[in-house]
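Here's the structure, in C-alpha cells; my notes come after.
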Amino acid sequence: MAVFMAYNYDKLYGETRDALGAPTQVFVDFFDQYDREQVRVLDVGCGQGGRDALFIARLGHAVVGVDISPPNGIRDLMTAAKAEQLTIDGGVVADITAYAPPPGRFDVVLIDRTLHMLSKPERGAGS
Ligand SMILES: C[S@@+](CC[C@H](N)C(=O)[O-])C[C@H]1O[C@@H](n2cnc3c(N)ncnc32)[C@H](O)[C@@H]1O
C-alpha cells in the first residue's frame, strides 16, 4: 500500500537529532503514576524515540518502536538505545496500516502525534 506522507519526517530526522523535542508531558505523568514495573510498551509511529520511546525505556520498560521512516528515525532510536543500554526490543521499520505486532501481550500501546498522518479510513474514522 502506498502511504501519502504530508511531511517528510525522514528528511527532518536526517538533518536533526532529537528533532521533536522533550518527552510529552501527558505520557511522563502517565508513567509517573503507573504502578507496574518492566511492562511491555508498543510505540506506534515512534520516530527517533526522543520524545517517548527512550524515556519510557529509561524507566526500565521494554519498548518496541515502529515507524515508517527509513532509515533515520529507527536508526537514531536504536543508536541511542544501544549507547544507553536500554531495552528497545525492536526498532521496526513498517507501515502501521499493515503492521502485525510481534506475538505476546503489550501492556501499553502509545500513539503520539501520528494518527493525523493517516487517512480517515486508515484511522478507522470512516469516510
Ligand atoms: C509527528 S511524528 C511523531 C513521532 C513520535 N511519535 C513523537 O511524538 O515524537 C509522526 C511520525 O509518524 C510516522 N508515520 C507516519 N505515517 C506512518 C505510517 N503509515 N506507518 C508508520 N509510521 C508512520 C512518521 O514517520 C513520523 O515519525
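For the C-alpha cells, the naming scheme is as follows: chains receive sequential letters (A, B, ...) according to their order of presentation, residues are indexed from 1 within each chain, and ligands are indexed from 1 in presentation order.
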Run DSSP on the backbone and tell me which residues of chain A come out as alpha helix (DSSP H); list them as a short mmCIF file (atom, residue, chain, number, x, y, z; two decimals) with N, CA and C atoms, in the first residue's frame.
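Now in part.cif:
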data_model
loop_
_atom_site.label_atom_id
_atom_site.label_comp_id
_atom_site.auth_asym_id
_atom_site.auth_seq_id
_atom_site.Cartn_x
_atom_site.Cartn_y
_atom_site.Cartn_z
N TYR A 9 9.22 13.34 7.44
CA TYR A 9 9.89 13.22 8.72
C TYR A 9 11.27 12.61 8.58
N ASP A 10 11.44 11.71 7.61
CA ASP A 10 12.75 11.09 7.47
C ASP A 10 13.81 12.13 7.13
N LYS A 11 13.44 13.09 6.28
CA LYS A 11 14.38 14.16 5.94
C LYS A 11 14.71 14.97 7.20
N LEU A 12 13.67 15.31 7.96
CA LEU A 12 13.90 16.06 9.21
C LEU A 12 14.83 15.29 10.14
N TYR A 13 14.57 13.98 10.32
CA TYR A 13 15.40 13.18 11.23
C TYR A 13 16.84 13.11 10.73
N GLY A 14 17.00 13.07 9.39
CA GLY A 14 18.34 13.01 8.82
C GLY A 14 19.14 14.28 9.09
N GLU A 15 18.42 15.38 9.27
CA GLU A 15 19.09 16.67 9.45
C GLU A 15 19.24 17.06 10.92
N GLN A 25 4.46 15.55 28.05
CA GLN A 25 4.13 15.62 29.47
C GLN A 25 3.02 14.64 29.87
N VAL A 26 2.03 14.48 29.02
CA VAL A 26 0.92 13.60 29.38
C VAL A 26 1.40 12.16 29.57
N PHE A 27 2.42 11.76 28.81
CA PHE A 27 2.95 10.41 28.97
C PHE A 27 3.92 10.34 30.16
N VAL A 28 4.65 11.43 30.39
CA VAL A 28 5.50 11.48 31.58
C VAL A 28 4.62 11.30 32.82
N ASP A 29 3.50 12.05 32.86
CA ASP A 29 2.58 11.96 34.00
C ASP A 29 1.99 10.55 34.12
N PHE A 30 1.63 9.98 32.97
CA PHE A 30 1.05 8.63 32.99
C PHE A 30 2.03 7.64 33.61
N PHE A 31 3.27 7.66 33.15
CA PHE A 31 4.23 6.67 33.66
C PHE A 31 4.67 6.99 35.08
N ASP A 32 4.59 8.28 35.47
CA ASP A 32 4.89 8.64 36.87
C ASP A 32 3.94 7.94 37.83
N GLN A 33 2.67 7.88 37.44
CA GLN A 33 1.68 7.29 38.36
C GLN A 33 1.42 5.81 38.06
N ALA A 53 9.74 6.91 23.29
CA ALA A 53 10.29 5.55 23.45
C ALA A 53 11.49 5.52 24.37
N LEU A 54 12.38 6.49 24.25
CA LEU A 54 13.62 6.43 25.03
C LEU A 54 13.38 6.72 26.50
N PHE A 55 12.52 7.70 26.80
CA PHE A 55 12.31 7.98 28.23
C PHE A 55 11.56 6.82 28.88
N ILE A 56 10.69 6.15 28.13
CA ILE A 56 9.96 5.00 28.68
C ILE A 56 10.94 3.84 28.93
N ALA A 57 11.85 3.62 27.99
CA ALA A 57 12.86 2.58 28.17
C ALA A 57 13.78 2.91 29.35
N ARG A 58 14.06 4.20 29.56
CA ARG A 58 14.92 4.60 30.70
C ARG A 58 14.25 4.27 32.03
N ASN A 72 16.24 6.91 8.94
CA ASN A 72 16.76 7.78 10.00
C ASN A 72 16.07 7.65 11.35
N GLY A 73 14.76 7.59 11.38
CA GLY A 73 14.06 7.55 12.66
C GLY A 73 14.45 6.33 13.49
N ILE A 74 14.27 5.17 12.94
CA ILE A 74 14.56 3.93 13.68
C ILE A 74 16.07 3.79 13.94
N ARG A 75 16.87 4.25 12.99
CA ARG A 75 18.33 4.20 13.21
C ARG A 75 18.72 5.02 14.44
N ASP A 76 18.16 6.23 14.54
CA ASP A 76 18.50 7.08 15.68
C ASP A 76 18.00 6.47 16.99
N LEU A 77 16.81 5.89 16.94
CA LEU A 77 16.26 5.23 18.13
C LEU A 77 17.20 4.13 18.61
N MET A 78 17.62 3.27 17.69
CA MET A 78 18.43 2.13 18.08
C MET A 78 19.85 2.56 18.49
N THR A 79 20.37 3.60 17.86
CA THR A 79 21.71 4.10 18.24
C THR A 79 21.68 4.64 19.66
N ALA A 80 20.63 5.41 19.98
CA ALA A 80 20.52 5.98 21.33
C ALA A 80 20.30 4.88 22.36
N ALA A 81 19.47 3.89 22.01
CA ALA A 81 19.19 2.80 22.95
C ALA A 81 20.46 1.99 23.23
N LYS A 82 21.24 1.75 22.18
CA LYS A 82 22.48 0.98 22.35
C LYS A 82 23.47 1.75 23.23
N ALA A 83 23.58 3.06 22.99
CA ALA A 83 24.53 3.88 23.75
C ALA A 83 24.20 3.86 25.24
N GLU A 84 22.90 3.79 25.56
CA GLU A 84 22.48 3.83 26.97
C GLU A 84 22.15 2.44 27.51
N LYS A 120 -8.45 9.15 6.88
CA LYS A 120 -9.55 8.79 7.79
C LYS A 120 -9.86 7.30 7.76
N PRO A 121 -9.99 6.68 6.57
CA PRO A 121 -10.26 5.23 6.57
C PRO A 121 -9.16 4.43 7.27
N GLU A 122 -7.90 4.86 7.08
CA GLU A 122 -6.80 4.14 7.75
C GLU A 122 -6.87 4.29 9.26
N ARG A 123 -7.41 5.42 9.71
CA ARG A 123 -7.57 5.63 11.16
C ARG A 123 -8.81 4.93 11.70
#
Taking only C-alpha atoms and all ligand atoms into account, report as a ChimeraX atom specification which residues have an atom no farther than 9 Å from an atom of ligand 1. /A:2-10,13,18-24,43-53,66-70,73-74,93-99,110-118,122
Please produce a file of those selected residues containing C-alpha atoms, as an mmCIF file, in the first residue's frame.
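Final file, out-v1.cif:
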data_model
loop_
_atom_site.group_PDB
_atom_site.id
_atom_site.type_symbol
_atom_site.label_atom_id
_atom_site.label_comp_id
_atom_site.auth_asym_id
_atom_site.auth_seq_id
_atom_site.Cartn_x
_atom_site.Cartn_y
_atom_site.Cartn_z
ATOM 1 C CA ALA A 2 1.329 3.452 -0.897
ATOM 2 C CA VAL A 3 1.210 5.865 2.022
ATOM 3 C CA PHE A 4 0.933 9.587 1.387
ATOM 4 C CA MET A 5 3.062 11.472 3.858
ATOM 5 C CA ALA A 6 2.227 15.149 4.128
ATOM 6 C CA TYR A 7 5.538 15.884 5.792
ATOM 7 C CA ASN A 8 8.900 14.238 5.214
ATOM 8 C CA TYR A 9 9.893 13.215 8.724
ATOM 9 C CA ASP A 10 12.746 11.093 7.472
ATOM 10 C CA TYR A 13 15.399 13.183 11.231
ATOM 11 C CA ASP A 18 16.091 14.829 18.694
ATOM 12 C CA ALA A 19 14.055 16.716 16.137
ATOM 13 C CA LEU A 20 10.779 16.523 18.045
ATOM 14 C CA GLY A 21 11.939 17.673 21.437
ATOM 15 C CA ALA A 22 11.381 16.630 25.002
ATOM 16 C CA PRO A 23 9.123 13.835 26.316
ATOM 17 C CA THR A 24 5.415 14.511 26.058
ATOM 18 C CA ASP A 43 5.189 2.940 20.482
ATOM 19 C CA VAL A 44 3.340 3.334 17.180
ATOM 20 C CA GLY A 45 4.967 5.956 14.942
ATOM 21 C CA CYS A 46 7.896 6.356 17.336
ATOM 22 C CA GLY A 47 10.114 8.464 15.064
ATOM 23 C CA GLN A 48 13.573 8.892 16.616
ATOM 24 C CA GLY A 49 12.148 7.951 20.004
ATOM 25 C CA GLY A 50 13.416 11.114 21.644
ATOM 26 C CA ARG A 51 10.011 12.192 22.817
ATOM 27 C CA ASP A 52 8.615 8.915 24.121
ATOM 28 C CA ALA A 53 10.286 5.549 23.448
ATOM 29 C CA VAL A 66 7.547 1.168 14.890
ATOM 30 C CA ASP A 67 7.947 3.865 12.254
ATOM 31 C CA ILE A 68 7.801 4.090 8.500
ATOM 32 C CA SER A 69 10.746 6.489 8.371
ATOM 33 C CA PRO A 70 13.608 4.615 6.718
ATOM 34 C CA GLY A 73 14.058 7.549 12.660
ATOM 35 C CA ILE A 74 14.558 3.928 13.679
ATOM 36 C CA VAL A 93 10.588 -0.012 10.001
ATOM 37 C CA ALA A 94 7.000 -0.670 8.978
ATOM 38 C CA ASP A 95 3.816 0.959 7.751
ATOM 39 C CA ILE A 96 1.475 0.899 10.726
ATOM 40 C CA THR A 97 -1.543 0.437 8.470
ATOM 41 C CA ALA A 98 -0.194 -3.018 7.620
ATOM 42 C CA TYR A 99 1.957 -3.794 10.662
ATOM 43 C CA LEU A 110 1.173 4.541 22.781
ATOM 44 C CA ILE A 111 0.428 6.665 19.705
ATOM 45 C CA ASP A 112 1.831 10.177 19.972
ATOM 46 C CA ARG A 113 1.064 12.653 17.195
ATOM 47 C CA THR A 114 0.951 10.026 14.478
ATOM 48 C CA LEU A 115 -2.681 9.192 13.693
ATOM 49 C CA HIS A 116 -3.164 12.508 11.907
ATOM 50 C CA MET A 117 -0.630 11.287 9.341
ATOM 51 C CA LEU A 118 -3.072 8.606 8.177
ATOM 52 C CA GLU A 122 -6.800 4.144 7.749
#
